[in-house]
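J.: This is the structure I have questions about; it appears just below.
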Amino acid sequence: MSASAVHSLWTTAVDPIAKIEAPKIEYGQLSPILIVIGAAVLGVLIEAFVPRRHRYHAQLFTASVALVSGFAAIVALAASGYATTRAGIAAMGAIAVDGPALFLQGTILLAALVGLFTFAERRLDPEAHGNRVDSFAAQAAAVPGSESEQKAVKAGFTTTEVFPLLMFAVAGMLVFPAANDLLTLFVALEVLSLPLYLLCALARRKRLLSQEAAVKYFLLGAFASAFTLFGIALVYGYAGSMSYGTIARVVDGTAPSVTPALAGTTANDALLLVGGALIVMGLLFKVGAVPFHMWTPDVYQGAPTPVTGFMAAATKVAAFGALLRLLYVVLPGLRWDWRPVMWGVAIVTMLAGAIVAITQTDIKRLLAYSSIAHAGFILAGVIAATPEGVSSVLFYLATYSFVTIGAFAVVTLVRDAGGEATHLSKWAGLGRRSPLVAGVFAVFLLAFAGIPLTSGFAGKFAVFKAAAQGGAVPLVIIGVLSSAIAAFFYIRVIVLMFFSEPRPEGPTVAVPSPLTMTAIAVGVVVTVVLGVAPQYFLDLAGQAGVFVR
Amino acid sequence: MSFPLLTATAALPAVGAIATAAVPAAKRTAAKWLALLFSLATFGLAVAILVRFDPGGDRYQLTESHSWIADFGVRYDLGVDGIAVALIALTALLIPFIILAGWHDADPLETGSRRWRPTQGYFALILAVEAMVILSFEATDVFLFYIFFEAMLIPLYFLIGGFGDRAHEHGEETARTQRSYAAVKFLLYNLAGGLIMLAAVIGLYVVAGNFSLTEIAAARADGSLTMATSTERWLFLGFFLAFAVKAPLWPLHTWLPNAMGESTAPVAVMITAVVDKVGTFAMLRFCLQLFPEASKWATPVVLVLAVISVIYGALLAVGQRDIKRLIAYASISHFGFIIMGIFAMTSQGQSGATLYMVNHGISTAALLLVAGFLISRRGSRLIADYGGVQKVAPVLAGTFLIGSLATLSLPGLAPFVSEFLVLVGTFTRYPVIGIVATLGIVLAALYTLVLYQRTMTGPVRPEVSAMPDLRVREVAVAAPLVVLLVFLGVYPKPVADIVNPAVRQTMSDVHKQDPRPEVEAAK
């Protein structure tokens with residue numbers, strides 16, 4: 001490095017202290033995110049200072065109040081026009097406050113609220129030494145099978161840390177689809193991922209399986225994060241900026257000026273293509289699209305079921321939001337480059353998810369592969385590259401997340417001596433033992449299969465219509481065919497539940513507290529209402545279909 | 001605003017389904033009566049439609065139109081033409097008989113959970129299917145039609161898989177396996193067909209911009225909406241495939257014998273006499289109206305497939321050892337006739353096909369419901385297990401005979417008129433096809449009479465010697481159907497009058513005229 005360069009670095013570091021201005025933060029527009037982060041921090045303090053016997057209620061109260069008021073803040077923002085006319089960029093260009101962001105944040109908050117209810121369920125597991133326990137490990141640090149674990153169980157410990165962890169994850173998810181520069185995107189990715197890695201490891205039963213799932217998720221997730229970060233660096237080299245708007249202008253060739261230090265690499269298309277691909281790869285990992293789906297079945301199976309449900313629903317919403325914004329705001333100029341690739345990813349994802357699911361024998365793994373297939377369907381809407389495509393994806397995500405949480409909540413109810421009975425053979429004849437639970441699960445499966453008059457059909461129709469209008473007719477045909485394949489394994493489960501003889505030593509259906517009942521009821525109501533009268537929500541998603549730049 | 005008669009006709013059974021399902025477990029009989037009452041009231045509304053409908057009036061009458069899902073361009077548009085009126089009447093007429101005939105089909109054998117209510121479920125599902133079938137006859141919005149066309153699979157799936165004959169020749173475990181196999185096969189065939197139709201429905205929307213049957217058909221007629229030939233053909237195929245699975249047309253028919261064989265006789269009647277009619281009805285209403293050119297393009301292939309259905313179904317019926325499967329293959333043969341009549345593109349053919357739908361519904365119901373009574377007495381579906389029944393149960397044998405004769409289209413019974421019209425209508429345009437199809441009639445005589453001969457005549461087998469004759473409830477099912485068969489056989493005018501104007505409309509959609517009678521020029 002030459003002397004003059006050192007000198008200039010030195011001077012910029014010391015010289016203009018007076019020029020630094022306090023950043024202008026639009027607290028009102030950021031309030032949903034701030035409320036959730038505040039509640040998460042408060043949750044940590046509760047863990048530290050509130051006596052153990054009060055923690056559960058204090059945490060549950062804080063978290064639900066925060067989620068509800070966060071949602072209220074979003075409704076208020078949307079009502080005052082931030083979703084449409086007043087959409088803008090807040091926090092010094094870091095966060096976009098626009099239709100898609102608010103719609104997805106609202107969906108995430110509601111899904112998180114329902115997910116919170118399943119987290120807080122304490123009636124399913126038998127009482128351990130007179131203490132009501134939830135589905136999380138008594139003490140996460142106690143080695144499985146060790147004496148200290150037995151002590152923790154005997155003392156009736158519960159891991160109430162799950163609530164602040166959940167809230168941190170939610171905070172990351174709220175930022176993720178709203179991130180308007182690459183660094184914010186990365187920070188949000190980490191904030192949402194790290195608590196999820198931890199949560200996955202916290203199952204009360206089958207702890208080794210749970211910890212294995214968490215390690216797998218963490219290792220693969222860390223790889224994906226590294227790819228994303230590398231991609232971000234390359235794109236920065238290309239555009240000389242982290243901001244979505246500036247990058248988009250450089251891509252279009254309308255950027256006003258170029259950072260002199262990066263003159264050598266600016267507008268080098270190779271950097272953009274490789275960098276963009278790496279970032280998209282990281283996001284596709286989060287949505288579980290083939291070929292970045294390998295973690296999904298193991299993690300879905302090993303994680304505590306409430307975590308699986310929450311993760312399957314909310315992570316997908318957040319990650320698809322981020323993907324949409326990246327593709328529609330930053331890379332629309334590259335449409336002809338990314339569309340063929342995404343076509344391929346969508347086709348492989350739909351087919352692989354549907355076909356591999358057929359051979360599954362565990363209900364949680366089955367739902368995992370089904371979620372992969374659904375990621376493929378949603379990608380078909382992403383590819384449309386039209387405002388209709390955006391709104392169809394938003395709508396699909398909203399329908400899908402409630403069905404998913406509801407379905408996993410039902411999975412938590414079917415239990416035998418070893419905890420949840422997730423092997424499919426144990427579900428035989430469930431419809432005769434408890435028609436109501438089996439009936440509700442059948443409704444969810446029919447919604448997954450996209451049978452008319454369920455929300456799943458409305459969502460599927462919306463994305464396929466958008467894809468067809470965007471010129472992707474072959475994609476629609478493949479989507480329809482893989483729906484037919486997928487229908488087969490959903491129906492297989494229904495056959496098992498209703499038309500098979502119940503096993504004498506089969507599982508029992510636990511009677512849950514009103515918390516889980518609410519989660520399931522919300523799932524059913526959303527499934528039916530969005531199936532029969534989706535117009536209002538389609539309008540909402542339609543108005544929210546435009547990204548701010 | 002006038003009373004929404006069409007909505008009411010569909011809503012009543014839907015309400016009935018919910019009410020029936022809600023009846024407590026102990027009050028089984030009340031649930032049955034409730035279901036019967038709702039089905040009768042629905043029939044009353046169907047009669048009201050029949051009365052209010054003016055055959056000489058507009059094409060679609062009693063129309064209702066509301067916005068539903070504006071984002072998808074979907075409207076809740078209902079309207080009936082003569083064909084739809086006839087089929088709604090048929091549906092509403094048959095359901096009370098189906099319920100009455102299946103009175104004891106779903107009484108629980110073993111006591112399950114306190115909440116396990118098979119009887120309530122059975123009758124609620126039947127009413128749910130009725131509601132959806134009626135709505136799909138009424139819908140004039142393609143998307144609305146599609147929704148109910150697909151959604152009706154689910155209650156039917158549970159009806160086929162959940163309920164079967166009381167006694168099974170191979171024991172309960174095998175019966176259960178075969179039932180669920182039949183149900184899954186039924187659902188997968190129809191769902192796959194339906195999903196391919198979904199792609200075509202989306203394609204139609206991309207091309208036309210809305211889903212309204214009347215608007216699209218009008219735009220096609222006045223030339224403001226043109227489709228590329230290949231687009232039209234692909235869309236036609238997407239629609240036709242779904243309908244051909246439902247109808248069912250050879251080679252997509254294989255689900256029907258399984259489904260009809262394993263389900264209870266009343267459910268089998270519902271499948272073949274009511275639900276499958278949606279497929280043939282939709283060919284007339286959607287394929288021909290929306291894609292006239294493609295329909296004409298496909299005619300030769302469809303006709304050949306239809307003739308294969310006629311002959312193949314009849315041949316396989318001859319070889320069946322199982323009464324219900326025999327009737328299922330006979331139905332495949334009859335559906336071949338119906339599809340042939342539709343695609344012959346002559347007014348006689350299409351009138352005949354529509355009449356055929358109605359008559360086949362009544363005749364199959366008569367035959368199959370009585371067959372169900374017979375099977376429930378002996379506990380076997382195998383023809384070989386019967387013999388000499390007419391000596392111990394003459395009334396049963398007599399109604400069975402009339403049902404059989406109707407199935408082979410004996411002159412004087414209703415199906416004869418329609419089969420004759422179909423054959424004449426086909427012959428005037430496609431003589432070879434018409435002649436080959438006539439073979440189907442000969443085979444029909446063979447399989448029905450052999451069925452009658454083997455089960456009802458001959459020496460009385462010891463197992464059937466104590467067989468009781470038809471009970472009052474069973475006579476109440478069989479007698480009106482027999483009367484109707486004779487009445488419509490002698491005097492088909494009421495149905496024909498309703499149907500004919502609608503058929504003329506359809507003919508003009510496809511720009512076809514009946515061929516002129518040709519007179520051999522004198523040399």
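By convention here, the chains of the structure tokens are called A, B, ... in the order presented, each chain's residues are numbered starting at 1, and ligands are numbered starting at 1 in the order presented.
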Counting only C-alpha atoms, which residues of chain A come no farther than 9 Å from chain B, as JSON, numbers by chain?
T.: {"A": [431, 432, 433, 434, 435, 436, 446, 451, 452, 453, 461, 462, 464, 465, 468, 469, 473, 476, 477, 479, 480, 481, 483, 484, 485, 487, 488, 491, 492, 495, 498, 499, 500, 501, 533, 534, 535, 536, 538, 539, 542]}
J.: Please provide the set of residues having any atom within 6 Å of segment 120-122 of chain B, restricted to only C-alpha atoms, with same-chain residues fewer than 5 positions apart removed, written as a list in words.
T.: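 Once the adjacent positions are removed, what remains is Thr20, Ala21 and Ala31 of chain B.
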J.: Looking at A:Ala152, A:Ala384, A:Leu515, A:Ala138, which one is nearest to Ala409 of chain A, with distances taken over only C-alpha atoms?
T.: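 Between A:Ala152, A:Ala384, A:Leu515, A:Ala138, the residue approaching Ala409 of chain A most closely is A:Leu515.
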J.: Between A:Val414, A:Met281, A:Ala239, A:Val330, which residue has the minimum interatomic distance to Asp269 of chain A, considering only C-alpha atoms?
T.: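 The closest residue to Asp269 of chain A is A:Ala239.
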J.: Show me, as a PyMOL selection string, the residues that have an atom within 7 Å of segment 60-75 of chain A when counting only C-alpha atoms, minus same-chain residues fewer than 2 positions from it.
T.: chain A and resi 31-32+35-36+39+56-58+77-79+102+106+109+113+163
J.: For the residues in the current selection, export N, CA and C atoms as a short mmCIF file (atom, residue, chain, number, x, y, z; two decimals), in the first residue's frame.
T.:
data_model
loop_
_atom_site.label_atom_id
_atom_site.label_comp_id
_atom_site.auth_asym_id
_atom_site.auth_seq_id
_atom_site.Cartn_x
_atom_site.Cartn_y
_atom_site.Cartn_z
N SER A 31 -42.01 0.36 13.98
CA SER A 31 -42.53 -0.10 15.27
C SER A 31 -42.81 -1.60 15.35
N PRO A 32 -43.35 -2.24 14.29
CA PRO A 32 -43.60 -3.68 14.47
C PRO A 32 -42.31 -4.44 14.82
N ILE A 35 -41.05 -3.48 18.41
CA ILE A 35 -41.85 -4.09 19.49
C ILE A 35 -41.40 -5.53 19.72
N VAL A 36 -41.21 -6.26 18.64
CA VAL A 36 -40.86 -7.68 18.79
C VAL A 36 -39.45 -7.81 19.37
N ALA A 39 -39.62 -7.08 23.01
CA ALA A 39 -40.18 -8.18 23.78
C ALA A 39 -39.17 -9.29 23.94
N TYR A 56 -43.01 -18.90 33.14
CA TYR A 56 -43.82 -19.36 32.01
C TYR A 56 -44.91 -18.34 31.68
N HIS A 57 -45.65 -17.94 32.72
CA HIS A 57 -46.76 -17.03 32.45
C HIS A 57 -46.27 -15.67 32.01
N ALA A 58 -45.18 -15.20 32.66
CA ALA A 58 -44.66 -13.89 32.27
C ALA A 58 -44.20 -13.91 30.81
N LEU A 77 -50.12 0.88 10.18
CA LEU A 77 -49.27 1.38 9.09
C LEU A 77 -49.95 1.19 7.74
N ALA A 78 -50.53 0.00 7.56
CA ALA A 78 -51.19 -0.27 6.28
C ALA A 78 -52.38 0.66 6.11
N ALA A 79 -53.11 0.89 7.23
CA ALA A 79 -54.29 1.74 7.13
C ALA A 79 -53.91 3.18 6.81
N LEU A 102 -45.22 -5.26 4.47
CA LEU A 102 -46.23 -5.23 5.52
C LEU A 102 -47.10 -6.48 5.48
N GLY A 106 -47.20 -9.04 8.53
CA GLY A 106 -48.47 -9.38 9.19
C GLY A 106 -48.68 -10.88 9.24
N LEU A 109 -46.35 -12.41 11.79
CA LEU A 109 -46.76 -12.17 13.18
C LEU A 109 -47.94 -13.06 13.57
N LEU A 113 -47.91 -15.95 16.31
CA LEU A 113 -48.84 -15.98 17.45
C LEU A 113 -49.45 -17.38 17.59
N PHE A 163 -39.19 -18.94 24.61
CA PHE A 163 -40.03 -17.79 24.21
C PHE A 163 -39.18 -16.63 23.69
#
J.: One decimal, in Å: what's the spacing between atom CA of Leu421 of chain B and atom CA of Tyr356 of chain B?
T.: 9.0 Å
J.: Using only C-alpha atoms, which residues sit within 12 Å of segment 144-148 of chain A once same-chain residues fewer than 2 positions away are excluded, as a count of residues only?
T.: 24
J.: DSSP on the backbone: which residues in segment 282-447 of chain B end up as alpha helix (DSSP H)? Give the answer as a ChimeraX atom specification.
T.: /B:282,288-290,292-318,323-343,347-378,389-392,394-407,414-429,431-447
J.: Might you pull out every residue within 12 Å of Ser136 of chain B, with only C-alpha atoms counted and same-chain residues fewer than 6 positions away left off, and present them as JSON, numbers by chain?
T.: {"B": [6, 7, 9, 10, 76, 77, 78, 79, 80, 84, 85, 87, 88, 91, 129, 130, 142, 143, 144, 145, 146, 147, 148, 149, 150, 151, 152, 274, 275, 276, 277, 278, 279, 281, 282, 285, 286]}
J.: Output C-alpha atoms of each residue in that selection to a file, as a PDB file, in the first residue's frame.
T.:
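As a result, again_18.pdb now contains:
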ATOM      1  CA  LEU B   6     -81.378 -22.706  -8.325  1.00  0.00           C
ATOM      2  CA  THR B   7     -79.315 -21.770  -5.296  1.00  0.00           C
ATOM      3  CA  THR B   9     -82.156 -26.413  -4.843  1.00  0.00           C
ATOM      4  CA  ALA B  10     -78.453 -26.896  -4.275  1.00  0.00           C
ATOM      5  CA  TYR B  76     -71.330 -17.216  -9.085  1.00  0.00           C
ATOM      6  CA  ASP B  77     -73.360 -17.614 -12.257  1.00  0.00           C
ATOM      7  CA  LEU B  78     -76.144 -20.129 -12.375  1.00  0.00           C
ATOM      8  CA  GLY B  79     -78.557 -20.927 -15.145  1.00  0.00           C
ATOM      9  CA  VAL B  80     -80.246 -23.973 -16.588  1.00  0.00           C
ATOM     10  CA  ALA B  84     -79.612 -29.317 -17.118  1.00  0.00           C
ATOM     11  CA  VAL B  85     -83.242 -29.219 -15.987  1.00  0.00           C
ATOM     12  CA  LEU B  87     -80.612 -33.954 -15.196  1.00  0.00           C
ATOM     13  CA  ILE B  88     -81.357 -31.944 -12.049  1.00  0.00           C
ATOM     14  CA  THR B  91     -80.755 -36.329  -9.573  1.00  0.00           C
ATOM     15  CA  VAL B 129     -72.777 -35.231  -3.196  1.00  0.00           C
ATOM     16  CA  GLU B 130     -76.289 -34.331  -4.295  1.00  0.00           C
ATOM     17  CA  VAL B 142     -66.417 -22.576 -15.928  1.00  0.00           C
ATOM     18  CA  PHE B 143     -64.489 -22.083 -12.715  1.00  0.00           C
ATOM     19  CA  LEU B 144     -67.554 -22.530 -10.535  1.00  0.00           C
ATOM     20  CA  PHE B 145     -68.315 -25.731 -12.388  1.00  0.00           C
ATOM     21  CA  TYR B 146     -64.752 -26.932 -11.945  1.00  0.00           C
ATOM     22  CA  ILE B 147     -64.838 -26.363  -8.209  1.00  0.00           C
ATOM     23  CA  PHE B 148     -67.836 -28.568  -7.659  1.00  0.00           C
ATOM     24  CA  PHE B 149     -66.773 -31.050 -10.295  1.00  0.00           C
ATOM     25  CA  GLU B 150     -63.624 -31.626  -8.224  1.00  0.00           C
ATOM     26  CA  ALA B 151     -65.014 -31.144  -4.741  1.00  0.00           C
ATOM     27  CA  MET B 152     -67.659 -33.847  -5.147  1.00  0.00           C
ATOM     28  CA  VAL B 274     -75.976 -39.363 -11.094  1.00  0.00           C
ATOM     29  CA  VAL B 275     -72.312 -38.452 -10.783  1.00  0.00           C
ATOM     30  CA  ASP B 276     -71.072 -39.891 -14.048  1.00  0.00           C
ATOM     31  CA  LYS B 277     -73.771 -37.917 -15.836  1.00  0.00           C
ATOM     32  CA  VAL B 278     -71.876 -34.779 -14.938  1.00  0.00           C
ATOM     33  CA  GLY B 279     -69.140 -35.981 -17.284  1.00  0.00           C
ATOM     34  CA  PHE B 281     -73.385 -33.379 -19.466  1.00  0.00           C
ATOM     35  CA  ALA B 282     -70.188 -31.348 -19.357  1.00  0.00           C
ATOM     36  CA  ARG B 285     -72.218 -27.998 -22.256  1.00  0.00           C
ATOM     37  CA  PHE B 286     -68.526 -27.126 -22.185  1.00  0.00           C
TER      38      PHE B 286
END
J.: Between A:Ala179, A:Val410, A:Val44, A:Val437, which residue has the minimum interatomic distance to Ala94 of chain A, considering only C-alpha atoms?
T.: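 Between A:Ala179, A:Val410, A:Val44, A:Val437, the residue approaching Ala94 of chain A most closely is A:Ala179.
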J.: What is the atom CA of Gly425 of chain B-atom CA of Pro515 of chain B distance in Å, reported with one decimal?
T.: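 According to the coordinates, atom CA of Gly425 of chain B and atom CA of Pro515 of chain B are separated by 9.7 Å.
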J.: Name the closest residue to Leu331 of chain A among the candidates A:Ser455, A:Thr359, A:Thr399, A:Thr246; distances are taken between atoms, counting only C-alpha atoms.
T.: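 The shortest atom-to-atom distance to Leu331 of chain A comes from A:Thr246.
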J.: Which residues are close to Ala352 of chain A, i.e. within 12 Å by only C-alpha atoms, leaving aside same-chain residues fewer than 2 positions away? Reply as a PyMOL selection string.
T.: chain A and resi 288-294+344-350+354-359+368-377+478-479+482-483+485-486
J.: Can you write out the residues you just picked, keeping C-alpha atoms, as a PDB file, in the first residue's frame?
T.:
ATOM      1  CA  GLY A 288     -36.053 -25.568   1.051  1.00  0.00           C
ATOM      2  CA  ALA A 289     -35.929 -25.670  -2.732  1.00  0.00           C
ATOM      3  CA  VAL A 290     -34.191 -28.521  -4.529  1.00  0.00           C
ATOM      4  CA  PRO A 291     -31.179 -28.929  -4.704  1.00  0.00           C
ATOM      5  CA  PHE A 292     -30.773 -27.067  -1.403  1.00  0.00           C
ATOM      6  CA  HIS A 293     -33.418 -29.087   0.433  1.00  0.00           C
ATOM      7  CA  MET A 294     -31.344 -31.854   1.985  1.00  0.00           C
ATOM      8  CA  GLY A 344     -35.272 -25.435 -13.560  1.00  0.00           C
ATOM      9  CA  VAL A 345     -35.271 -25.089  -9.782  1.00  0.00           C
ATOM     10  CA  ALA A 346     -39.071 -24.870  -9.664  1.00  0.00           C
ATOM     11  CA  ILE A 347     -39.579 -27.919 -11.857  1.00  0.00           C
ATOM     12  CA  VAL A 348     -37.095 -30.056  -9.972  1.00  0.00           C
ATOM     13  CA  THR A 349     -38.464 -28.874  -6.621  1.00  0.00           C
ATOM     14  CA  MET A 350     -42.080 -29.667  -7.467  1.00  0.00           C
ATOM     15  CA  ALA A 354     -43.898 -34.864  -4.669  1.00  0.00           C
ATOM     16  CA  ILE A 355     -42.178 -38.050  -5.779  1.00  0.00           C
ATOM     17  CA  VAL A 356     -39.921 -38.587  -2.779  1.00  0.00           C
ATOM     18  CA  ALA A 357     -42.793 -37.903  -0.398  1.00  0.00           C
ATOM     19  CA  ILE A 358     -44.568 -41.014  -1.682  1.00  0.00           C
ATOM     20  CA  THR A 359     -42.054 -43.317  -0.035  1.00  0.00           C
ATOM     21  CA  ALA A 368     -41.312 -32.019   5.099  1.00  0.00           C
ATOM     22  CA  TYR A 369     -41.264 -33.322   1.547  1.00  0.00           C
ATOM     23  CA  SER A 370     -44.693 -31.884   1.013  1.00  0.00           C
ATOM     24  CA  SER A 371     -43.303 -28.504   2.064  1.00  0.00           C
ATOM     25  CA  ILE A 372     -40.573 -28.922  -0.555  1.00  0.00           C
ATOM     26  CA  ALA A 373     -43.195 -29.555  -3.221  1.00  0.00           C
ATOM     27  CA  HIS A 374     -45.084 -26.481  -2.059  1.00  0.00           C
ATOM     28  CA  ALA A 375     -41.918 -24.410  -2.296  1.00  0.00           C
ATOM     29  CA  GLY A 376     -41.846 -25.459  -5.929  1.00  0.00           C
ATOM     30  CA  PHE A 377     -45.427 -24.313  -6.483  1.00  0.00           C
ATOM     31  CA  ILE A 478     -45.715 -29.747 -14.604  1.00  0.00           C
ATOM     32  CA  GLY A 479     -47.166 -28.127 -11.487  1.00  0.00           C
ATOM     33  CA  SER A 482     -46.930 -32.940  -9.524  1.00  0.00           C
ATOM     34  CA  SER A 483     -50.091 -31.872  -7.687  1.00  0.00           C
ATOM     35  CA  ILE A 485     -48.618 -37.050  -7.614  1.00  0.00           C
ATOM     36  CA  ALA A 486     -48.732 -35.156  -4.333  1.00  0.00           C
TER      37      ALA A 486
END
J.: For segment 102-106 of chain B, please output as a short mmCIF file (atom, residue, chain, number, x, y, z; two decimals) with N, CA and C atoms, in the first residue's frame all residues within 8 Å (counting only C-alpha atoms; exclusion window: fewer than 4 positions along the same chain).
T.:
data_model
loop_
_atom_site.label_atom_id
_atom_site.label_comp_id
_atom_site.auth_asym_id
_atom_site.auth_seq_id
_atom_site.Cartn_x
_atom_site.Cartn_y
_atom_site.Cartn_z
N LYS B 32 -81.72 -40.67 9.60
CA LYS B 32 -82.18 -41.21 8.32
C LYS B 32 -83.42 -40.46 7.83
N ILE B 98 -82.33 -43.59 -3.33
CA ILE B 98 -81.02 -44.07 -2.90
C ILE B 98 -80.95 -44.10 -1.37
N PRO B 118 -71.19 -43.57 11.95
CA PRO B 118 -71.17 -43.90 10.53
C PRO B 118 -72.50 -43.62 9.84
N THR B 119 -73.62 -43.89 10.52
CA THR B 119 -74.91 -43.73 9.84
C THR B 119 -75.12 -42.28 9.44
N TYR B 122 -72.87 -41.39 6.55
CA TYR B 122 -73.28 -41.97 5.27
C TYR B 122 -74.34 -41.08 4.60
N PHE B 163 -67.86 -47.37 3.27
CA PHE B 163 -69.07 -48.19 3.43
C PHE B 163 -69.12 -49.23 2.31
N GLY B 164 -69.39 -50.45 2.67
CA GLY B 164 -69.49 -51.49 1.66
C GLY B 164 -70.61 -52.43 2.00
N ASP B 165 -70.66 -53.51 1.25
CA ASP B 165 -71.70 -54.50 1.52
C ASP B 165 -71.51 -55.10 2.90
N ARG B 166 -72.63 -55.44 3.49
CA ARG B 166 -72.62 -56.00 4.84
C ARG B 166 -71.76 -57.26 4.89
N THR B 264 -71.67 -49.80 -1.59
CA THR B 264 -73.01 -50.34 -1.42
C THR B 264 -73.81 -50.06 -2.69
N ALA B 265 -74.85 -50.85 -2.90
CA ALA B 265 -75.62 -50.70 -4.13
C ALA B 265 -76.16 -49.27 -4.31
N PRO B 266 -76.73 -48.64 -3.26
CA PRO B 266 -77.21 -47.27 -3.48
C PRO B 266 -76.09 -46.30 -3.88
#
J.: Using the chain letters and numbers from this document, which residues of segment 6-172 of chain A does DSSP assign to strand (DSSP E or B), as a tab-separated table (two decimals) with C-alpha atoms, in the first residue's frame?
T.:
chain	number	residue	atom	x	y	z
A	88	GLY	CA	-41.04	4.25	1.35
A	89	ILE	CA	-37.69	3.32	2.72
A	90	ALA	CA	-36.87	3.80	6.36
A	95	ILE	CA	-35.66	-1.24	5.66
A	96	ALA	CA	-38.40	-0.98	3.08
A	97	VAL	CA	-41.88	-0.23	4.32
A	128	ALA	CA	-43.28	-35.12	35.30
A	131	ASN	CA	-45.08	-30.53	37.14
A	136	PHE	CA	-39.06	-28.77	25.24
